[in-house]
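J.: Next comes structure_6.cif, mmCIF, C-alpha atoms and all ligand atoms:
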```
data_target
#
loop_
_atom_site.group_PDB
_atom_site.id
_atom_site.type_symbol
_atom_site.label_atom_id
_atom_site.label_comp_id
_atom_site.auth_asym_id
_atom_site.auth_seq_id
_atom_site.Cartn_x
_atom_site.Cartn_y
_atom_site.Cartn_z
ATOM 1 C CA MET A 1 -56.563 25.132 8.545
ATOM 2 C CA PHE A 2 -53.459 22.978 8.842
ATOM 3 C CA ASN A 3 -53.975 19.368 7.747
ATOM 4 C CA LEU A 4 -51.298 16.733 7.818
ATOM 5 C CA ILE A 5 -50.927 13.038 7.203
ATOM 6 C CA LEU A 6 -48.736 10.934 9.452
ATOM 7 C CA PHE A 7 -47.692 8.147 7.154
ATOM 8 C CA GLY A 8 -45.801 4.912 7.672
ATOM 9 C CA PRO A 9 -46.002 1.130 7.892
ATOM 10 C CA PRO A 10 -47.762 -0.739 10.723
ATOM 11 C CA GLY A 11 -45.864 -0.190 13.954
ATOM 12 C CA SER A 12 -43.890 2.822 12.723
ATOM 13 C CA GLY A 13 -45.170 4.989 15.581
ATOM 14 C CA LYS A 14 -48.063 6.855 13.934
ATOM 15 C CA GLY A 15 -50.355 6.489 16.944
ATOM 16 C CA THR A 16 -47.631 7.281 19.478
ATOM 17 C CA GLN A 17 -46.545 10.467 17.722
ATOM 18 C CA SER A 18 -50.093 11.517 16.782
ATOM 19 C CA GLU A 19 -51.138 11.726 20.409
ATOM 20 C CA ARG A 20 -48.393 14.243 21.127
ATOM 21 C CA LEU A 21 -48.784 16.191 17.897
ATOM 22 C CA VAL A 22 -52.533 16.776 18.259
ATOM 23 C CA ASP A 23 -51.930 17.987 21.779
ATOM 24 C CA LYS A 24 -49.217 20.451 20.775
ATOM 25 C CA TYR A 25 -50.843 21.789 17.584
ATOM 26 C CA ARG A 26 -54.504 21.517 18.635
ATOM 27 C CA LEU A 27 -55.426 19.281 15.723
ATOM 28 C CA LYS A 28 -58.250 16.781 15.497
ATOM 29 C CA HIS A 29 -56.798 13.249 15.433
ATOM 30 C CA LEU A 30 -58.478 11.006 12.852
ATOM 31 C CA SER A 31 -57.198 7.433 13.031
ATOM 32 C CA THR A 32 -59.185 5.037 10.851
ATOM 33 C CA GLY A 33 -57.748 2.087 12.821
ATOM 34 C CA GLU A 34 -59.108 3.542 16.069
ATOM 35 C CA LEU A 35 -62.454 4.443 14.504
ATOM 36 C CA LEU A 36 -62.770 0.871 13.201
ATOM 37 C CA ARG A 37 -61.817 -0.683 16.561
ATOM 38 C CA SER A 38 -64.446 1.491 18.219
ATOM 39 C CA GLU A 39 -67.067 0.250 15.708
ATOM 40 C CA ILE A 40 -66.007 -3.331 16.502
ATOM 41 C CA SER A 41 -66.321 -2.840 20.252
ATOM 42 C CA GLN A 42 -69.818 -1.392 19.738
ATOM 43 C CA LEU A 43 -70.708 -4.418 17.571
ATOM 44 C CA THR A 44 -72.027 -2.251 14.727
ATOM 45 C CA ALA A 45 -72.663 -3.731 11.261
ATOM 46 C CA LEU A 46 -69.740 -1.708 9.926
ATOM 47 C CA GLY A 47 -67.504 -3.031 12.717
ATOM 48 C CA LEU A 48 -68.471 -6.617 12.075
ATOM 49 C CA GLU A 49 -67.774 -6.252 8.352
ATOM 50 C CA ALA A 50 -64.394 -4.611 9.038
ATOM 51 C CA LYS A 51 -63.328 -7.191 11.632
ATOM 52 C CA ASN A 52 -63.124 -9.965 9.023
ATOM 53 C CA PHE A 53 -60.462 -8.021 7.149
ATOM 54 C CA MET A 54 -58.604 -6.585 10.139
ATOM 55 C CA ASP A 55 -58.133 -9.917 11.913
ATOM 56 C CA LYS A 56 -56.387 -11.236 8.795
ATOM 57 C CA GLY A 57 -54.194 -8.160 8.449
ATOM 58 C CA GLN A 58 -55.922 -7.038 5.266
ATOM 59 C CA LEU A 59 -57.176 -3.580 4.410
ATOM 60 C CA VAL A 60 -60.873 -2.854 4.894
ATOM 61 C CA PRO A 61 -62.666 -1.883 1.628
ATOM 62 C CA ASP A 62 -62.136 1.726 0.544
ATOM 63 C CA HIS A 63 -65.810 2.767 0.655
ATOM 64 C CA VAL A 64 -66.030 1.828 4.343
ATOM 65 C CA VAL A 65 -63.136 4.005 5.513
ATOM 66 C CA ILE A 66 -63.900 6.873 3.109
ATOM 67 C CA GLY A 67 -67.442 7.000 4.506
ATOM 68 C CA MET A 68 -66.111 7.093 8.069
ATOM 69 C CA ILE A 69 -63.696 9.923 7.287
ATOM 70 C CA SER A 70 -66.351 11.919 5.478
ATOM 71 C CA THR A 71 -68.628 11.663 8.529
ATOM 72 C CA ALA A 72 -65.776 12.627 10.872
ATOM 73 C CA LEU A 73 -64.885 15.698 8.781
ATOM 74 C CA ASP A 74 -68.489 16.870 8.842
ATOM 75 C CA ALA A 75 -68.723 16.295 12.585
ATOM 76 C CA ASN A 76 -65.647 18.463 13.246
ATOM 77 C CA ARG A 77 -66.251 21.544 11.107
ATOM 78 C CA GLU A 78 -64.892 23.879 13.795
ATOM 79 C CA SER A 79 -61.526 22.127 13.962
ATOM 80 C CA SER A 80 -58.407 24.182 13.229
ATOM 81 C CA GLY A 81 -56.937 21.239 11.360
ATOM 82 C CA PHE A 82 -56.795 17.473 11.049
ATOM 83 C CA LEU A 83 -54.088 14.909 11.629
ATOM 84 C CA PHE A 84 -54.803 11.818 9.523
ATOM 85 C CA ASP A 85 -53.266 8.643 10.994
ATOM 86 C CA GLY A 86 -53.543 5.398 9.023
ATOM 87 C CA PHE A 87 -55.520 7.131 6.280
ATOM 88 C CA PRO A 88 -55.306 7.340 3.292
ATOM 89 C CA ARG A 89 -53.961 3.829 2.676
ATOM 90 C CA THR A 90 -54.727 3.416 -1.036
ATOM 91 C CA GLU A 91 -54.613 5.777 -4.005
ATOM 92 C CA VAL A 92 -58.415 5.653 -4.181
ATOM 93 C CA GLN A 93 -58.583 6.866 -0.571
ATOM 94 C CA ALA A 94 -56.036 9.620 -1.277
ATOM 95 C CA GLU A 95 -58.058 10.913 -4.226
ATOM 96 C CA ALA A 96 -61.261 10.804 -2.150
ATOM 97 C CA LEU A 97 -59.597 12.713 0.687
ATOM 98 C CA ASP A 98 -58.345 15.426 -1.669
ATOM 99 C CA LYS A 99 -61.885 15.832 -2.959
ATOM 100 C CA LEU A 100 -63.450 15.967 0.512
ATOM 101 C CA LEU A 101 -60.942 18.604 1.624
ATOM 102 C CA GLN A 102 -61.382 20.596 -1.567
ATOM 103 C CA GLU A 103 -65.115 20.809 -0.860
ATOM 104 C CA LYS A 104 -64.128 22.438 2.428
ATOM 105 C CA ASN A 105 -61.694 24.800 0.675
ATOM 106 C CA THR A 106 -58.692 23.208 2.293
ATOM 107 C CA SER A 107 -56.002 20.649 1.478
ATOM 108 C CA ILE A 108 -53.164 18.501 2.831
ATOM 109 C CA ARG A 109 -50.186 20.629 3.756
ATOM 110 C CA VAL A 110 -47.612 17.927 4.410
ATOM 111 C CA VAL A 111 -47.203 14.154 4.564
ATOM 112 C CA LEU A 112 -44.736 13.169 7.274
ATOM 113 C CA ALA A 113 -43.553 9.630 6.518
ATOM 114 C CA LEU A 114 -41.902 7.590 9.272
ATOM 115 C CA LYS A 115 -39.120 5.251 8.145
ATOM 116 C CA VAL A 116 -38.619 2.089 10.220
ATOM 117 C CA SER A 117 -36.951 -1.205 9.246
ATOM 118 C CA GLU A 118 -39.122 -4.283 8.842
ATOM 119 C CA GLU A 119 -37.264 -6.128 11.589
ATOM 120 C CA GLU A 120 -37.989 -3.319 14.064
ATOM 121 C CA LEU A 121 -41.686 -3.153 13.027
ATOM 122 C CA ILE A 122 -42.173 -6.863 13.702
ATOM 123 C CA LYS A 123 -40.360 -6.630 17.034
ATOM 124 C CA ARG A 124 -42.500 -3.674 18.174
ATOM 125 C CA LEU A 125 -45.809 -5.226 17.134
ATOM 126 C CA LEU A 126 -45.133 -8.668 18.619
ATOM 127 C CA ASN A 127 -44.120 -6.941 21.812
ATOM 128 C CA ARG A 128 -47.280 -4.839 21.879
ATOM 129 C CA GLY A 129 -49.314 -7.984 21.140
ATOM 130 C CA LEU A 130 -48.333 -9.337 24.559
ATOM 131 C CA THR A 131 -50.552 -6.731 26.226
ATOM 132 C CA SER A 132 -52.589 -4.738 23.666
ATOM 133 C CA GLY A 133 -55.449 -7.154 23.149
ATOM 134 C CA ARG A 134 -55.209 -6.355 19.421
ATOM 135 C CA VAL A 135 -55.898 -9.583 17.535
ATOM 136 C CA ASP A 136 -53.770 -8.402 14.616
ATOM 137 C CA ASP A 137 -50.675 -8.029 16.847
ATOM 138 C CA VAL A 138 -50.572 -11.590 18.142
ATOM 139 C CA THR A 139 -49.129 -13.694 15.333
ATOM 140 C CA GLU A 140 -46.167 -12.930 13.137
ATOM 141 C CA THR A 141 -48.109 -14.214 10.092
ATOM 142 C CA VAL A 142 -50.777 -11.515 10.488
ATOM 143 C CA ILE A 143 -48.164 -8.841 11.200
ATOM 144 C CA ARG A 144 -46.302 -9.834 8.029
ATOM 145 C CA GLU A 145 -49.563 -9.700 6.057
ATOM 146 C CA ARG A 146 -50.173 -6.137 7.333
ATOM 147 C CA ILE A 147 -46.678 -5.176 6.166
ATOM 148 C CA ALA A 148 -47.289 -6.902 2.804
ATOM 149 C CA GLU A 149 -50.565 -4.954 2.373
ATOM 150 C CA TYR A 150 -48.590 -1.806 3.100
ATOM 151 C CA HIS A 151 -46.100 -2.568 0.315
ATOM 152 C CA ARG A 152 -48.815 -3.641 -2.140
ATOM 153 C CA LYS A 153 -51.386 -0.911 -1.638
ATOM 154 C CA THR A 154 -50.198 1.813 0.727
ATOM 155 C CA SER A 155 -46.674 2.742 -0.319
ATOM 156 C CA PRO A 156 -48.048 4.055 -3.694
ATOM 157 C CA VAL A 157 -49.859 6.710 -1.613
ATOM 158 C CA ALA A 158 -46.454 8.269 -0.838
ATOM 159 C CA ASP A 159 -45.761 8.465 -4.596
ATOM 160 C CA TYR A 160 -49.176 10.099 -5.084
ATOM 161 C CA TYR A 161 -48.343 12.931 -2.659
ATOM 162 C CA ASP A 162 -44.735 13.091 -3.813
ATOM 163 C CA ARG A 163 -45.996 14.262 -7.201
ATOM 164 C CA SER A 164 -47.086 17.501 -5.508
ATOM 165 C CA GLY A 165 -43.903 17.630 -3.398
ATOM 166 C CA LYS A 166 -45.705 17.095 -0.099
ATOM 167 C CA VAL A 167 -43.793 14.128 1.327
ATOM 168 C CA VAL A 168 -41.060 14.490 3.941
ATOM 169 C CA TYR A 169 -39.331 11.374 5.281
ATOM 170 C CA VAL A 170 -38.438 11.291 8.954
ATOM 171 C CA GLU A 171 -36.307 8.647 10.673
ATOM 172 C CA GLY A 172 -38.728 6.624 12.811
ATOM 173 C CA GLU A 173 -36.175 4.688 14.872
ATOM 174 C CA GLY A 174 -34.696 6.166 18.021
ATOM 175 C CA SER A 175 -36.287 7.760 21.050
ATOM 176 C CA VAL A 176 -39.924 8.860 20.907
ATOM 177 C CA ASP A 177 -38.837 12.346 22.048
ATOM 178 C CA HIS A 178 -36.237 12.719 19.324
ATOM 179 C CA ILE A 179 -38.648 11.601 16.579
ATOM 180 C CA PHE A 180 -41.269 13.995 17.949
ATOM 181 C CA ASP A 181 -38.776 16.888 17.755
ATOM 182 C CA GLN A 182 -37.974 16.055 14.115
ATOM 183 C CA LEU A 183 -41.686 15.986 13.232
ATOM 184 C CA CYS A 184 -42.290 19.305 15.004
ATOM 185 C CA GLU A 185 -39.407 20.888 13.137
ATOM 186 C CA GLU A 186 -41.028 20.009 9.800
ATOM 187 C CA ILE A 187 -44.435 21.262 10.930
ATOM 188 C CA ASP A 188 -43.054 24.515 12.380
ATOM 189 C CA LYS A 189 -41.259 25.301 9.110
ATOM 190 C CA ARG A 190 -44.548 25.066 7.247
ATOM 191 C CA ILE A 191 -46.575 26.995 9.802
ATOM 192 C CA ALA A 192 -44.035 29.815 9.540
ATOM 193 C CA GLU A 193 -44.244 29.958 5.718
HETATM 194 P P1 LIG A 201 -54.142 0.722 12.248
HETATM 195 O O1 LIG A 201 -54.805 0.785 13.535
HETATM 196 O O2 LIG A 201 -53.938 1.953 11.465
HETATM 197 O O3 LIG A 201 -52.780 -0.037 12.489
HETATM 198 P P2 LIG A 201 -51.404 -0.063 11.704
HETATM 199 O O4 LIG A 201 -51.210 0.870 10.584
HETATM 200 O O5 LIG A 201 -51.211 -1.496 11.409
HETATM 201 O O6 LIG A 201 -50.412 0.500 12.688
HETATM 202 P P3 LIG A 201 -50.359 0.462 14.225
HETATM 203 O O7 LIG A 201 -51.459 1.248 14.817
HETATM 204 O O8 LIG A 201 -50.211 -0.957 14.655
HETATM 205 O O9 LIG A 201 -48.952 1.177 14.404
HETATM 206 P P4 LIG A 201 -48.596 2.719 14.513
HETATM 207 O O10 LIG A 201 -47.844 3.159 13.322
HETATM 208 O O11 LIG A 201 -49.761 3.530 14.936
HETATM 209 O O12 LIG A 201 -47.555 2.613 15.681
HETATM 210 P P5 LIG A 201 -47.756 2.780 17.259
HETATM 211 O O13 LIG A 201 -47.560 4.195 17.648
HETATM 212 O O14 LIG A 201 -48.983 2.099 17.686
HETATM 213 O O15 LIG A 201 -54.918 -0.318 11.286
HETATM 214 C C1 LIG A 201 -55.336 -1.571 11.742
HETATM 215 C C2 LIG A 201 -56.170 -2.261 10.669
HETATM 216 O O16 LIG A 201 -57.362 -1.491 10.424
HETATM 217 C C3 LIG A 201 -55.509 -2.398 9.292
HETATM 218 O O17 LIG A 201 -54.720 -3.559 9.204
HETATM 219 C C4 LIG A 201 -56.740 -2.457 8.376
HETATM 220 O O18 LIG A 201 -57.317 -3.730 8.401
HETATM 221 C C5 LIG A 201 -57.697 -1.488 9.045
HETATM 222 N N1 LIG A 201 -57.571 -0.107 8.526
HETATM 223 C C6 LIG A 201 -57.208 1.006 9.232
HETATM 224 N N2 LIG A 201 -57.188 2.083 8.441
HETATM 225 C C7 LIG A 201 -57.536 1.657 7.200
HETATM 226 C C8 LIG A 201 -57.675 2.307 5.949
HETATM 227 N N3 LIG A 201 -57.444 3.624 5.814
HETATM 228 N N4 LIG A 201 -58.039 1.557 4.883
HETATM 229 C C9 LIG A 201 -58.288 0.248 4.995
HETATM 230 N N5 LIG A 201 -58.174 -0.436 6.151
HETATM 231 C C10 LIG A 201 -57.798 0.259 7.250
HETATM 232 O O19 LIG A 201 -46.470 1.987 17.769
HETATM 233 C C11 LIG A 201 -46.377 0.577 17.644
HETATM 234 C C12 LIG A 201 -45.636 0.027 18.880
HETATM 235 O O20 LIG A 201 -44.297 0.522 18.875
HETATM 236 C C13 LIG A 201 -46.243 0.475 20.214
HETATM 237 O O21 LIG A 201 -46.160 -0.566 21.124
HETATM 238 C C14 LIG A 201 -45.360 1.662 20.616
HETATM 239 O O22 LIG A 201 -45.305 1.832 21.998
HETATM 240 C C15 LIG A 201 -44.021 1.275 20.044
HETATM 241 N N6 LIG A 201 -43.216 2.428 19.638
HETATM 242 C C16 LIG A 201 -43.653 3.581 19.074
HETATM 243 N N7 LIG A 201 -42.619 4.416 18.822
HETATM 244 C C17 LIG A 201 -41.499 3.744 19.223
HETATM 245 C C18 LIG A 201 -40.111 4.073 19.212
HETATM 246 N N8 LIG A 201 -39.660 5.248 18.733
HETATM 247 N N9 LIG A 201 -39.240 3.156 19.683
HETATM 248 C C19 LIG A 201 -39.670 1.948 20.172
HETATM 249 N N10 LIG A 201 -40.983 1.590 20.214
HETATM 250 C C20 LIG A 201 -41.878 2.477 19.735
HETATM 251 MG MG MG A 202 -51.870 3.187 15.048
#
```
Please, can you express the file's structure as structure tokens?
Ligand code: AP5
Ligand code: MG
T.:
Amino acid sequence: MFNLILFGPPGSGKGTQSERLVDKYRLKHLSTGELLRSEISQLTALGLEAKNFMDKGQLVPDHVVIGMISTALDANRESSGFLFDGFPRTEVQAEALDKLLQEKNTSIRVVLALKVSEEELIKRLLNRGLTSGRVDDVTETVIRERIAEYHRKTSPVADYYDRSGKVVYVEGEGSVDHIFDQLCEEIDKRIAE
């Protein structure tokens, strides 16, 4: 099994690159943001609880997303590997993920972390907000709160994985094709090992 985390702040291109990576490497894409938006559109209790946090740009409580990931892992036992996008976002989530993978005799192979300047993140998200229908993309205040949550709670996750030498930083500005090639290079190196 080859499991990787695509890491980075809101708007860094995790979703864009994930789509291509799962296609090329035949991985199962697990995006907690997408899972949550699907719960919201189905008006489930979980979705309604999550919406209150998401609309403000705040993280949803750990137990909610850990539960969703645990269910998704169990539902995809035949997968040849997972690409985690937007998860884990706190140290508690990272520890829970390690445990869930350990129970399946597997682990995270690499954390690919996209680096994008704050100015570029805000530009991309405001621009997407014009058409995406995502409530959290519409106002700069909410976008800034998402970035603040990232600095407060999510960037420590990179330090967590750095302790086991798993983090590789990749420049996240430039053409989508070029960034994709850089990500593939890092993955190919590890597949060949
Ligand atoms: P989530 O859905 O994960 O959103 P996010 O992290 O805020 O990031 P985005 O999806 O907005 O950006 P992205 O990095 O995927 O970039 P994208 O490819 O779309 O989370 C949403 C909310 O759900 C959170 O705020 C939280 O409330 C909750 N949540 C989710 N997971 C959680 C968790 N684990 N714990 C707790 N709460 C959780 O690209 C962005 C834009 O840029 C697009 O328009 C794209 O076309 C464009 N773009 C991409 N690449 C480039 C490029 N190279 N050049 C120019 N433009 C580009
Ligand atoms: Mg995304």
J.: Name the residues that the PyMOL selection byres (((not hetatm)) within 12 of (chain A and resi 202)) picks from the file above, as an mmCIF file with C-alpha atoms, keeping the file's coordinate frame, using the file's chain letters and numbers.
T.:
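Result file follows (selection38.cif):
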```cif
data_model
loop_
_atom_site.group_PDB
_atom_site.id
_atom_site.type_symbol
_atom_site.label_atom_id
_atom_site.label_comp_id
_atom_site.auth_asym_id
_atom_site.auth_seq_id
_atom_site.Cartn_x
_atom_site.Cartn_y
_atom_site.Cartn_z
ATOM 1 C CA LEU A 6 -48.736 10.934 9.452
ATOM 2 C CA PHE A 7 -47.692 8.147 7.154
ATOM 3 C CA GLY A 8 -45.801 4.912 7.672
ATOM 4 C CA PRO A 9 -46.002 1.130 7.892
ATOM 5 C CA PRO A 10 -47.762 -0.739 10.723
ATOM 6 C CA GLY A 11 -45.864 -0.190 13.954
ATOM 7 C CA SER A 12 -43.890 2.822 12.723
ATOM 8 C CA GLY A 13 -45.170 4.989 15.581
ATOM 9 C CA LYS A 14 -48.063 6.855 13.934
ATOM 10 C CA GLY A 15 -50.355 6.489 16.944
ATOM 11 C CA THR A 16 -47.631 7.281 19.478
ATOM 12 C CA GLN A 17 -46.545 10.467 17.722
ATOM 13 C CA SER A 18 -50.093 11.517 16.782
ATOM 14 C CA GLU A 19 -51.138 11.726 20.409
ATOM 15 C CA HIS A 29 -56.798 13.249 15.433
ATOM 16 C CA LEU A 30 -58.478 11.006 12.852
ATOM 17 C CA SER A 31 -57.198 7.433 13.031
ATOM 18 C CA THR A 32 -59.185 5.037 10.851
ATOM 19 C CA GLY A 33 -57.748 2.087 12.821
ATOM 20 C CA GLU A 34 -59.108 3.542 16.069
ATOM 21 C CA LEU A 35 -62.454 4.443 14.504
ATOM 22 C CA LEU A 36 -62.770 0.871 13.201
ATOM 23 C CA ARG A 37 -61.817 -0.683 16.561
ATOM 24 C CA PHE A 84 -54.803 11.818 9.523
ATOM 25 C CA ASP A 85 -53.266 8.643 10.994
ATOM 26 C CA GLY A 86 -53.543 5.398 9.023
ATOM 27 C CA PHE A 87 -55.520 7.131 6.280
ATOM 28 C CA LEU A 125 -45.809 -5.226 17.134
ATOM 29 C CA ARG A 128 -47.280 -4.839 21.879
ATOM 30 C CA SER A 132 -52.589 -4.738 23.666
ATOM 31 C CA ARG A 134 -55.209 -6.355 19.421
ATOM 32 C CA ASP A 136 -53.770 -8.402 14.616
ATOM 33 C CA ASP A 137 -50.675 -8.029 16.847
#
```
J.: Could you tell me which residues the PyMOL selection byres (((chain A and resi 56) around 12) and not hetatm) returns for this structure, as a list in words?
T.: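 Output from the PyMOL selection byres (((chain A and resi 56) around 12) and not hetatm), applied to this file: Ala50, Lys51, Asn52, Phe53, Met54, Asp55, Gly57, Gln58, Leu59, Val60, Arg134, Val135, Asp136, Asp137, Val138, Thr139, Glu140, Thr141, Val142, Ile143, Arg144, Glu145, Arg146, Ile147, Ala148 and Glu149 of chain A.
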J.: So for stretch 155-171 of chain A, what box centre and size do we get, axis-aligned, 8 Å extra on each of the six sides, every listed atom, Å to one decimal, as lines of an AutoDock Vina configuration file?
T.:
```
center_x = -43.1
center_y = 10.2
center_z = 1.7
size_x = 29.6
size_y = 30.9
size_z = 33.9
```
J.: Go through the shown structure with the PyMOL selection byres (((chain A and resi 24) around 12) and not hetatm) and write out the matching residues as a VMD selection string.
T.: chain A and resid 17 to 23 25 to 29 83 180 to 181 183 to 184 187 to 188
J.: For C-alpha atoms, I'd like the residues from the last selection saved as a JSON list (two decimals), in the coordinates of the input.
T.:
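Once written, selection_28.json looks like this:
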```
[["chain", "number", "residue", "atom", "x", "y", "z"],
["A", 17, "GLN", "CA", -46.54, 10.47, 17.72],
["A", 18, "SER", "CA", -50.09, 11.52, 16.78],
["A", 19, "GLU", "CA", -51.14, 11.73, 20.41],
["A", 20, "ARG", "CA", -48.39, 14.24, 21.13],
["A", 21, "LEU", "CA", -48.78, 16.19, 17.90],
["A", 22, "VAL", "CA", -52.53, 16.78, 18.26],
["A", 23, "ASP", "CA", -51.93, 17.99, 21.78],
["A", 25, "TYR", "CA", -50.84, 21.79, 17.58],
["A", 26, "ARG", "CA", -54.50, 21.52, 18.64],
["A", 27, "LEU", "CA", -55.43, 19.28, 15.72],
["A", 28, "LYS", "CA", -58.25, 16.78, 15.50],
["A", 29, "HIS", "CA", -56.80, 13.25, 15.43],
["A", 83, "LEU", "CA", -54.09, 14.91, 11.63],
["A", 180, "PHE", "CA", -41.27, 14.00, 17.95],
["A", 181, "ASP", "CA", -38.78, 16.89, 17.76],
["A", 183, "LEU", "CA", -41.69, 15.99, 13.23],
["A", 184, "CYS", "CA", -42.29, 19.30, 15.00],
["A", 187, "ILE", "CA", -44.44, 21.26, 10.93],
["A", 188, "ASP", "CA", -43.05, 24.52, 12.38]]
```
J.: For A:Leu101, which of A:Leu121, A:Met1, A:Leu114, A:Val167 is the closest residue, counting only C-alpha atoms?
T.: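 When distances to A:Leu101 are compared using only C-alpha atoms, the smallest one comes from A:Met1.
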J.: What does the distance between atom CA of A:Val168 and atom CA of A:Ser155 come to in Å, to one decimal place?
T.: 13.7 Å
J.: To one decimal place in Å, what is the distance between atom CA of A:Ser107 and atom CA of A:Gly81?
T.: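 The value is 9.9 Å.
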J.: Grab the atom O12 of ligand LIG 201 (chain A) to atom CA of A:Ile108 distance for me, in Å with one decimal place.
T.: 21.2 Å
J.: For ligand LIG 201 (chain A), which of A:Ser164, A:Gln93, A:Thr71, A:Gln182 is the closest residue, counting all atoms listed in the file?
T.: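 The answer is A:Gln93, which sits nearest to ligand LIG 201 (chain A).
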J.: Looking at A:Glu173, A:Glu103, A:Glu95, A:Glu120, which one is nearest to ligand LIG 201 (chain A), with distances taken over only C-alpha atoms and all ligand atoms?
T.: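 Among the listed residues, the smallest separation from ligand LIG 201 (chain A) belongs to A:Glu173.
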J.: For ligand LIG 201 (chain A), which residue among A:Leu100, A:Val110, A:Met68, A:Ile191 is the nearest when counting only C-alpha atoms and all ligand atoms?
T.: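 Answer, going by the shortest atom-to-atom distance: A:Met68.
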J.: Using only C-alpha atoms and all ligand atoms for the distances, tell me which of A:Ala94, A:Val65, A:Leu73, A:Val157 is nearest to ligand LIG 201 (chain A).
T.: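 The closest residue to ligand LIG 201 (chain A) is A:Val65.
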J.: Tell me which of A:Glu185, A:Glu78, A:Asp162, A:Glu49 sits closest to ligand LIG 201 (chain A), counting only C-alpha atoms and all ligand atoms.
T.: A:Glu49
